[in-house]
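> I have a structure I would like to understand better, so I am pasting it below and will then ask my questions one at a time.
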Amino acid sequence: MNADRLPVSPIMAGIKCRCPRCGKGRLFVNGLGMRETCESCGLDYKFVDTGDGPAVFAIFILGFLCVGGVLIAEFKFGVPWWVHVLLLGVVTPFMAYFLLRFLKATLIALQFKNKAEEGRLSKE
């Protein structure tokens with residue numbers, strides 16, 4: 001690591017969806033699509049392998065928030081059916097999109113910081 005470059009926090013890189021090495025280059029193109037390399041420092045993103053991790057975390061988090069929100073709205077406030085449609089049909093997809101971006105960027109930054117890679121029996 002260069003002496004003039006401070007390490008980037010994985011959480012801040014995840015919040016901003018920026019490069020895990022320099023913290024300046026954008027990580028995604030067209031929503032959730034990955035770029036080939038960092039536009040700022042040139043880091044090659046071929047190491048990225050988040051798998052299903054972001055989706056699993058998003059399912060658990062959104063499931064808890066949405067089901068909890070619907071139950072509170074129904075039993076505490078007695079809202080009409082169209083409010084449930086609005087909450088589940090409109091708000092949930094927007095929350096899922098932004099949560100997936102944050103989680104994917106954070107897992108990429110953690111993977112970069114910890115030098116996580118596929119397990120091997122011997123170095124080749």
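Note on naming: chains are A, B, ... as they come in the structure tokens, residues start from 1 per chain, ligands start from 1 in the order shown.
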Compile the contact shell of region 22-32 of chain A as an NGL selection string: residues with an atom at most 10 Å away, counting only C-alpha atoms, same-chain residues fewer than 4 positions apart removed.

:A and (5-10 or 12-14 or 16-18 or 36-43 or 45 or 97-98 or 100-101 or 104-105 or 108-109)

> Could you write those residues out with N, CA and C atoms, as a tab-separated table (two decimals), in the first residue's frame?


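Resulting contents of out-v5.tsv:
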```tsv
chain	number	residue	atom	x	y	z
A	5	ARG	N	-1.50	6.95	0.63
A	5	ARG	CA	-2.90	6.52	0.52
A	5	ARG	C	-3.37	5.93	1.85
A	6	LEU	N	-4.40	6.52	2.41
A	6	LEU	CA	-4.97	6.01	3.65
A	6	LEU	C	-5.87	4.82	3.35
A	7	PRO	N	-5.95	3.84	4.25
A	7	PRO	CA	-6.85	2.72	4.00
A	7	PRO	C	-8.31	3.17	4.02
A	8	VAL	N	-9.10	2.56	3.16
A	8	VAL	CA	-10.51	2.90	3.04
A	8	VAL	C	-11.31	1.99	3.96
A	9	SER	N	-12.21	2.56	4.73
A	9	SER	CA	-13.07	1.78	5.60
A	9	SER	C	-14.05	0.98	4.74
A	10	PRO	N	-14.19	-0.33	5.01
A	10	PRO	CA	-15.14	-1.13	4.23
A	10	PRO	C	-16.58	-0.63	4.36
A	12	MET	N	-17.56	2.55	4.88
A	12	MET	CA	-17.70	3.77	4.08
A	12	MET	C	-17.68	3.46	2.59
A	13	ALA	N	-16.84	2.51	2.18
A	13	ALA	CA	-16.84	2.10	0.78
A	13	ALA	C	-18.18	1.48	0.40
A	14	GLY	N	-18.79	0.75	1.34
A	14	GLY	CA	-20.10	0.16	1.09
A	14	GLY	C	-21.21	1.19	1.02
A	16	LYS	N	-20.91	4.39	0.24
A	16	LYS	CA	-20.74	5.23	-0.95
A	16	LYS	C	-20.70	4.43	-2.25
A	17	CYS	N	-20.62	3.09	-2.16
A	17	CYS	CA	-20.49	2.21	-3.33
A	17	CYS	C	-19.28	2.61	-4.16
A	18	ARG	N	-18.15	2.73	-3.48
A	18	ARG	CA	-16.91	3.15	-4.13
A	18	ARG	C	-15.87	2.04	-4.09
A	36	GLU	N	-15.56	-3.23	-14.81
A	36	GLU	CA	-14.40	-4.09	-15.05
A	36	GLU	C	-13.23	-3.70	-14.14
A	37	THR	N	-12.96	-2.39	-14.09
A	37	THR	CA	-11.85	-1.87	-13.28
A	37	THR	C	-12.29	-0.56	-12.64
A	38	CYS	N	-11.52	-0.12	-11.66
A	38	CYS	CA	-11.78	1.17	-11.02
A	38	CYS	C	-11.38	2.28	-11.98
A	39	GLU	N	-12.24	3.26	-12.12
A	39	GLU	CA	-11.97	4.37	-13.02
A	39	GLU	C	-10.94	5.33	-12.44
A	40	SER	N	-10.63	5.22	-11.16
A	40	SER	CA	-9.71	6.13	-10.50
A	40	SER	C	-8.32	5.52	-10.33
A	41	CYS	N	-8.25	4.33	-9.70
A	41	CYS	CA	-6.94	3.74	-9.40
A	41	CYS	C	-6.60	2.56	-10.28
A	42	GLY	N	-7.54	2.07	-11.07
A	42	GLY	CA	-7.27	0.97	-11.99
A	42	GLY	C	-7.35	-0.42	-11.38
A	43	LEU	N	-7.88	-0.56	-10.17
A	43	LEU	CA	-8.00	-1.87	-9.53
A	43	LEU	C	-8.88	-2.77	-10.38
A	45	TYR	N	-11.39	-5.65	-10.91
A	45	TYR	CA	-12.43	-6.23	-10.07
A	45	TYR	C	-12.67	-7.71	-10.34
A	97	TYR	N	-33.44	-2.62	-3.54
A	97	TYR	CA	-32.42	-2.14	-4.48
A	97	TYR	C	-31.27	-1.46	-3.74
A	98	PHE	N	-31.59	-0.52	-2.88
A	98	PHE	CA	-30.54	0.23	-2.19
A	98	PHE	C	-29.83	-0.62	-1.14
A	100	LEU	N	-29.36	-3.90	-1.41
A	100	LEU	CA	-28.48	-4.79	-2.16
A	100	LEU	C	-27.21	-4.08	-2.62
A	101	ARG	N	-27.33	-2.83	-3.06
A	101	ARG	CA	-26.13	-2.07	-3.44
A	101	ARG	C	-25.19	-1.91	-2.26
A	104	LYS	N	-23.72	-5.46	-1.21
A	104	LYS	CA	-22.77	-5.98	-2.19
A	104	LYS	C	-21.46	-5.19	-2.14
A	105	ALA	N	-21.55	-3.88	-2.07
A	105	ALA	CA	-20.34	-3.05	-2.00
A	105	ALA	C	-19.58	-3.30	-0.70
A	108	ILE	N	-17.79	-6.66	-0.95
A	108	ILE	CA	-16.64	-6.53	-1.85
A	108	ILE	C	-15.49	-5.84	-1.12
A	109	ALA	N	-15.79	-4.79	-0.39
A	109	ALA	CA	-14.74	-4.08	0.36
A	109	ALA	C	-14.14	-4.97	1.44
```

> Here is a test: counting only C-alpha atoms, which residue of A:Ala96, A:Glu118, A:Pro80, A:Thr106 is nearest to Ala55 (chain A)?

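Of A:Ala96, A:Glu118, A:Pro80, A:Thr106, the one nearest Ala55 (chain A), counting only C-alpha atoms, is A:Ala96.
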
> Within 12 Å of Leu65 (chain A), counting only C-alpha atoms, which residues show up once you throw out same-chain ones fewer than 3 positions away? Write them as a list in words, please.

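Listing them by chain and then by number gives Ala58, Ile59, Phe60, Ile61, Leu62, Gly68, Gly69, Val70, Leu71, Ile72, Ala73, Leu87, Leu88, Val91, Thr92, Met95 and Ala96 of chain A.
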
> Figure out the distance between CA of Gly89 (chain A) and CA of Thr50 (chain A), please, to one decimal in Å.

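Value for the CA of Thr50 (chain A)-CA of Gly89 (chain A) distance: 27.2 Å.
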
> So how far away is CA of Asp44 (chain A) from CA of Glu117 (chain A), in Å?

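Computed distance, CA of Glu117 (chain A) to CA of Asp44 (chain A), equals 14.4 Å.
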
> I'd like to know which of A:Phe94, A:Phe102, A:Phe112, A:Phe64 is closest to Asp49 (chain A), using only C-alpha atoms.

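Among the listed residues, the smallest separation from Asp49 (chain A) belongs to A:Phe112.
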
> Would you mind writing down, as a list in words, each residue of chain A that DSSP on the backbone assigns to strand (DSSP E or B)?

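Of chain A, only Arg18, Arg26, Phe28, Val29, Gly33, Met34, Thr37 and Asp44 of chain A fall in strand (DSSP E or B).
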
> Among the residues of chain A, find those DSSP assigns to helix (DSSP H, G or I) from the backbone and print them as a VMD selection string.

chain A and resid 10 to 16 45 to 47 53 to 77 81 to 113

> Restricting it to C-alpha atoms, dump the selection as an mmCIF file, in the first residue's frame.


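The file below, out04.cif, is the result:
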```
data_model
loop_
_atom_site.group_PDB
_atom_site.id
_atom_site.type_symbol
_atom_site.label_atom_id
_atom_site.label_comp_id
_atom_site.auth_asym_id
_atom_site.auth_seq_id
_atom_site.Cartn_x
_atom_site.Cartn_y
_atom_site.Cartn_z
ATOM 1 C CA PRO A 10 -15.141 -1.127 4.227
ATOM 2 C CA ILE A 11 -18.309 0.378 5.712
ATOM 3 C CA MET A 12 -17.699 3.775 4.078
ATOM 4 C CA ALA A 13 -16.838 2.095 0.776
ATOM 5 C CA GLY A 14 -20.098 0.156 1.089
ATOM 6 C CA ILE A 15 -22.202 3.212 1.921
ATOM 7 C CA LYS A 16 -20.736 5.229 -0.949
ATOM 8 C CA TYR A 45 -12.429 -6.230 -10.067
ATOM 9 C CA LYS A 46 -11.872 -9.833 -11.213
ATOM 10 C CA PHE A 47 -11.294 -10.831 -7.586
ATOM 11 C CA GLY A 53 -24.299 -13.306 0.365
ATOM 12 C CA PRO A 54 -25.840 -9.876 -0.306
ATOM 13 C CA ALA A 55 -29.149 -11.394 -1.415
ATOM 14 C CA VAL A 56 -29.400 -13.625 1.664
ATOM 15 C CA PHE A 57 -28.674 -10.748 4.040
ATOM 16 C CA ALA A 58 -31.160 -8.535 2.169
ATOM 17 C CA ILE A 59 -33.877 -11.208 2.361
ATOM 18 C CA PHE A 60 -33.464 -11.551 6.120
ATOM 19 C CA ILE A 61 -33.287 -7.810 6.779
ATOM 20 C CA LEU A 62 -36.144 -6.854 4.447
ATOM 21 C CA GLY A 63 -38.276 -9.772 5.594
ATOM 22 C CA PHE A 64 -37.961 -8.625 9.184
ATOM 23 C CA LEU A 65 -38.633 -4.967 8.381
ATOM 24 C CA CYS A 66 -41.481 -5.506 5.920
ATOM 25 C CA VAL A 67 -43.362 -8.169 7.847
ATOM 26 C CA GLY A 68 -42.897 -6.208 11.062
ATOM 27 C CA GLY A 69 -44.076 -3.024 9.372
ATOM 28 C CA VAL A 70 -47.149 -4.707 7.914
ATOM 29 C CA LEU A 71 -48.064 -6.285 11.250
ATOM 30 C CA ILE A 72 -47.679 -2.986 13.081
ATOM 31 C CA ALA A 73 -49.649 -1.128 10.408
ATOM 32 C CA GLU A 74 -52.453 -3.692 10.496
ATOM 33 C CA PHE A 75 -52.857 -4.351 14.195
ATOM 34 C CA LYS A 76 -51.874 -1.027 15.703
ATOM 35 C CA PHE A 77 -53.295 1.387 13.147
ATOM 36 C CA TRP A 81 -55.669 -2.741 2.161
ATOM 37 C CA TRP A 82 -54.225 -0.229 -0.318
ATOM 38 C CA VAL A 83 -51.681 0.936 2.268
ATOM 39 C CA HIS A 84 -50.384 -2.637 2.456
ATOM 40 C CA VAL A 85 -50.151 -2.734 -1.336
ATOM 41 C CA LEU A 86 -48.263 0.546 -1.262
ATOM 42 C CA LEU A 87 -45.886 -0.652 1.442
ATOM 43 C CA LEU A 88 -45.196 -4.071 -0.038
ATOM 44 C CA GLY A 89 -45.487 -3.257 -3.722
ATOM 45 C CA VAL A 90 -43.692 0.067 -3.933
ATOM 46 C CA VAL A 91 -41.545 0.684 -0.877
ATOM 47 C CA THR A 92 -40.085 -2.826 -0.571
ATOM 48 C CA PRO A 93 -38.500 -2.980 -4.070
ATOM 49 C CA PHE A 94 -36.842 0.410 -3.536
ATOM 50 C CA MET A 95 -35.528 -0.692 -0.161
ATOM 51 C CA ALA A 96 -34.283 -3.956 -1.705
ATOM 52 C CA TYR A 97 -32.423 -2.144 -4.478
ATOM 53 C CA PHE A 98 -30.535 0.226 -2.190
ATOM 54 C CA LEU A 99 -29.918 -2.425 0.450
ATOM 55 C CA LEU A 100 -28.476 -4.792 -2.163
ATOM 56 C CA ARG A 101 -26.133 -2.066 -3.443
ATOM 57 C CA PHE A 102 -24.913 -1.343 0.082
ATOM 58 C CA LEU A 103 -24.504 -4.992 1.043
ATOM 59 C CA LYS A 104 -22.766 -5.984 -2.188
ATOM 60 C CA ALA A 105 -20.342 -3.049 -1.996
ATOM 61 C CA THR A 106 -19.623 -3.744 1.678
ATOM 62 C CA LEU A 107 -18.938 -7.429 1.064
ATOM 63 C CA ILE A 108 -16.643 -6.532 -1.846
ATOM 64 C CA ALA A 109 -14.740 -4.079 0.357
ATOM 65 C CA LEU A 110 -14.429 -6.665 3.144
ATOM 66 C CA GLN A 111 -13.259 -9.262 0.633
ATOM 67 C CA PHE A 112 -10.598 -6.845 -0.624
ATOM 68 C CA LYS A 113 -9.477 -5.761 2.848
#
```
